[in-house]
Amino acid sequence: MNSYEDYDQGYGNYEYSQYEYGDLHTGDPQRDIEYDRHYKMPEVVKKFLLYFCNALNEGLIDDLQNMYENTFPKLTEKFFDKHAWPDEEEVGHIVDNDPIFLILYKELYYRHIYARVSGGPSLEQRFRSFYNYCDLFNYILGFKAPVPLELPDQWLWELVDEFVYQFQSFSQYRARLMNNQDKDNELDCVKKNNDVWNVLGVLNVLHSLVDKSNIKRQLEVFASGGDPESVAGEFGRHSLYKMLGYFSLVGLLRLHSMLGDYYQAIKVLENIELHKKSQYSNVPACQITTSYYVGFAYMMMRRYADAIRTFSSILLYIQRTKQLFQSRSYQNDQINKQTEQMYHLLAICLVLHPQCVDEAIQQVLRDKNYHEKMYKMQYGDLEEFEACFIFACPKFLPPMPPMQSQDDYVKEAMKYQTHVFMDEVRQQKMIPTIRSYLKLYTTLPLSKLASFIYGQDRNGDMEKNIAELRIHLLCFKHKMKNIVWTKGTSGLEGSFQSDSELDFYIDNDMIHIADTKVAPPYGDFFIRKIHKFDELNRKLHYTKIQ
């Protein structure tokens, strides 16, 4: 067989005829089956599948990565944009029914149906996909020695990510069946097979991959400056197990976040240094997903400073590496969506807990429609808070299926988490208004601030207004003091800090106010801009010379 480079170059010029990809039939059912099996599939797809299988068996990891990230998406766009790839039986005849290749091919086959095929997967396809994952994980975990299998890190990440996604999709599908009387047969089938896509089974698979790889111990040693290979063990030294273990930790982060257990979501990553780039974070999509769920969990735990740092760091990374994502078109949609969601979450956090962020992030928040959203939220528009939250939050799942028909079961988890978040927002509704007045004074009588906020003599009871204002001022003090990560590998560690730009105390009905933030270093800001301008000039000059 020719090299992969020869095959890949030939793919771009390939033209298929009606004899290779058509709907010609003989009238004889048996002959039609044989025709479909041997002639309906384009020749270029047959060659691709055969080389894909050989590359897998020979461990040609670079070729596998090229085929997975480039050729497979191209063939999908050209031949299978809106319908499924050939099924297992068709492909089996081409690759001599290679069992491991067929399991991996079916993982791609069902993933494509979930993503692109009109109407999505049927119940039978959801079941078959689950059992195919069982076959794959049983193969990986079921032997006393590491299996002879190598896959690109990108594929391993998307395999784990898709496994969690299909569990989420099935949970939502099952909930819709409860309210659809036209599909009682499917509902009965789901109830009889309650072990399929069961949350405990999914958790068990992810934890088994983590344990098999000994990844937690490896990360712990790595964080302390040691050699992770020294504690990895036989399985942990194998790239397949090590990376599956790491990606499974991120899968657990995502799963716990969707279930609303934010403490546990952060805890599963306690041996990962969230604020540093490690040797394991070589898949951009994994980095972005990790930061999205970590930042969201921090926000729901009212650790706004940590959430802002997490979102700002990854959004800067996305800005600087945008060209990398554009070269991988099949990842664009997911990355762009998560980026948009993180900007919304960052806007919420900055309204609730104002602080300085990088100028590049500020520019995006000013240029797009985020500025208007932030303005509305600062002035207490609860509907805007809720709309931003619903757009940006994960798709929450209840941990258990409904016992009987519930009209709002699909939305119940979302409603509950939104209610929890909006309760927090309502408690802080007056803080931006109070902050805007306190910034203008160094001392301010309580009565005067009460008249600013409530108007002159609201309800004829100034004492009541002042008493209510004291509560809001105490709320201000309380809400501006959060746990903030300072050091250590666990994202749950930290100390109580106040990130408010001003502080105050009350003495004899007089508010004494002081700035807590040093004036921004304007000189440093202009120096950075001058260097940036010089660099831009050099690039333009270099381009002109070329």
# chains A, B, ... in the order shown; residues from 1 in each chain; ligands from 1

call {"tool": "select_by_dssp", "arguments": {"residues": "region 317-515 of chain A", "states": "helix (DSSP H, G or I)", "output": "PyMOL selection string"}}
result
chain A and resi 317-320+322-326+329-352+359-367+370-378+382-392+409-427+431-438+446-454+458-460+462-479

call {"tool": "write_last_selection", "arguments": {"atoms": "C-alpha atoms", "output": "compact mmCIF listing (two decimals), in the first residue's frame"}}
result
# COMPACT_ATOMS: atom_id res chain seq x y z
CA TYR A 317 -5.26 31.90 25.73
CA ILE A 318 -8.07 31.56 23.17
CA GLN A 319 -7.36 35.05 21.79
CA ARG A 320 -3.67 34.27 21.34
CA LYS A 322 -7.21 31.56 17.58
CA GLN A 323 -5.40 30.52 14.39
CA LEU A 324 -4.84 27.03 15.82
CA PHE A 325 -8.58 26.48 16.26
CA GLN A 326 -9.47 27.88 12.85
CA SER A 329 -12.83 23.44 11.60
CA TYR A 330 -14.65 20.54 13.25
CA GLN A 331 -13.71 21.94 16.69
CA ASN A 332 -14.71 25.53 15.91
CA ASP A 333 -18.38 25.35 16.84
CA GLN A 334 -17.82 23.89 20.30
CA ILE A 335 -14.90 26.18 21.12
CA ASN A 336 -16.74 29.29 19.88
CA LYS A 337 -19.83 28.38 21.91
CA GLN A 338 -17.86 27.84 25.13
CA THR A 339 -15.95 31.07 24.52
CA GLU A 340 -19.20 33.00 24.21
CA GLN A 341 -20.55 31.34 27.34
CA MET A 342 -17.42 32.22 29.33
CA TYR A 343 -17.63 35.89 28.32
CA HIS A 344 -21.21 35.94 29.64
CA LEU A 345 -20.16 34.28 32.90
CA LEU A 346 -17.21 36.67 33.24
CA ALA A 347 -19.58 39.63 32.74
CA ILE A 348 -21.83 38.30 35.53
CA CYS A 349 -18.86 37.84 37.88
CA LEU A 350 -17.50 41.33 37.17
CA VAL A 351 -20.88 42.89 37.95
CA LEU A 352 -21.18 40.97 41.22
CA GLU A 359 -7.01 45.13 28.80
CA ALA A 360 -7.57 42.67 25.92
CA ILE A 361 -10.51 41.11 27.79
CA GLN A 362 -11.87 44.55 28.69
CA GLN A 363 -11.75 45.51 25.03
CA VAL A 364 -13.91 42.54 24.01
CA LEU A 365 -16.40 43.30 26.79
CA ARG A 366 -16.60 46.92 25.59
CA ASP A 367 -16.77 46.21 21.86
CA TYR A 370 -21.63 42.61 26.67
CA HIS A 371 -21.33 46.27 27.63
CA GLU A 372 -25.08 46.77 27.41
CA LYS A 373 -25.75 43.55 29.30
CA MET A 374 -23.35 44.54 32.08
CA TYR A 375 -24.94 48.00 32.29
CA LYS A 376 -28.40 46.46 32.77
CA MET A 377 -27.13 44.02 35.40
CA GLN A 378 -25.34 46.80 37.31
CA LEU A 382 -32.85 40.62 37.24
CA GLU A 383 -34.18 39.42 33.90
CA GLU A 384 -30.82 40.19 32.27
CA PHE A 385 -29.00 38.24 35.00
CA GLU A 386 -31.28 35.27 34.45
CA ALA A 387 -31.00 35.40 30.64
CA CYS A 388 -27.19 35.51 30.77
CA PHE A 389 -27.09 32.65 33.27
CA ILE A 390 -29.42 30.41 31.26
CA PHE A 391 -27.42 31.02 28.08
CA ALA A 392 -24.02 30.39 29.69
CA TYR A 409 -38.92 17.16 34.51
CA VAL A 410 -36.60 18.07 31.64
CA LYS A 411 -36.34 21.65 32.95
CA GLU A 412 -36.52 20.89 36.67
CA ALA A 413 -32.77 20.74 37.27
CA MET A 414 -32.22 23.94 35.26
CA LYS A 415 -34.97 25.75 37.17
CA TYR A 416 -33.53 24.70 40.51
CA GLN A 417 -29.98 25.85 39.71
CA THR A 418 -31.27 29.10 38.21
CA HIS A 419 -33.34 29.68 41.36
CA VAL A 420 -30.25 29.16 43.56
CA PHE A 421 -28.23 31.60 41.46
CA MET A 422 -30.97 34.25 41.32
CA ASP A 423 -31.38 34.08 45.12
CA GLU A 424 -27.73 35.10 45.39
CA VAL A 425 -28.23 37.91 42.87
CA ARG A 426 -31.25 39.28 44.74
CA GLN A 427 -29.21 39.42 47.94
CA ILE A 431 -24.63 46.54 46.31
CA PRO A 432 -23.76 48.23 42.95
CA THR A 433 -25.93 51.24 43.86
CA ILE A 434 -24.39 51.54 47.33
CA ARG A 435 -20.88 51.19 45.86
CA SER A 436 -21.53 53.99 43.34
CA TYR A 437 -22.39 56.42 46.18
CA LEU A 438 -19.60 55.34 48.52
CA LEU A 446 -26.32 57.02 57.11
CA SER A 447 -29.36 59.28 56.82
CA LYS A 448 -27.97 61.00 53.73
CA LEU A 449 -27.14 57.69 51.99
CA ALA A 450 -30.63 56.41 52.90
CA SER A 451 -32.20 59.47 51.31
CA PHE A 452 -30.11 58.92 48.14
CA ILE A 453 -31.19 55.30 47.84
CA TYR A 454 -34.80 55.38 49.05
CA ARG A 458 -39.89 56.95 51.94
CA ASN A 459 -43.12 55.86 53.63
CA GLY A 460 -42.50 58.63 56.16
CA MET A 462 -36.46 57.35 57.96
CA GLU A 463 -35.56 55.09 60.91
CA LYS A 464 -36.87 52.09 59.03
CA ASN A 465 -34.90 53.12 55.92
CA ILE A 466 -31.69 53.46 57.93
CA ALA A 467 -32.23 50.06 59.58
CA GLU A 468 -32.72 48.48 56.15
CA LEU A 469 -29.65 50.28 54.82
CA ARG A 470 -27.53 48.86 57.66
CA ILE A 471 -28.53 45.36 56.52
CA HIS A 472 -27.46 46.15 52.95
CA LEU A 473 -24.13 47.58 54.18
CA LEU A 474 -23.49 44.41 56.18
CA CYS A 475 -24.38 42.40 53.09
CA PHE A 476 -21.84 44.49 51.15
CA LYS A 477 -19.15 43.62 53.70
CA HIS A 478 -20.06 39.94 53.68
CA LYS A 479 -20.40 39.43 49.91

call {"tool": "select_by_dssp", "arguments": {"residues": "region 390-534 of chain A", "states": "strand (DSSP E)", "output": "PyMOL selection string"}}
result
chain A and resi 443-445+481-484+495-498+502-507+510-515

call {"tool": "residues_around", "arguments": {"residues": "Val160 (chain A)", "least_positions_apart": "5", "cutoff": "9 Å", "atoms": "only C-alpha atoms", "output": "list in words"}}
result
Trp155, Tyr165, Leu206, Leu244, Phe247, Ser248, Val250 and Gly251 of chain A

call {"tool": "residues_around", "arguments": {"residues": "Thr443 (chain A)", "least_positions_apart": "2", "cutoff": "8 Å", "atoms": "only C-alpha atoms", "output": "VMD selection string"}}
result
chain A and resid 441 445 510 to 513

call {"tool": "atom_distance", "arguments": {"atom1": "CA of Asp98 (chain A)", "atom2": "CA of Trp157 (chain A)"}}
result
23.3 Å
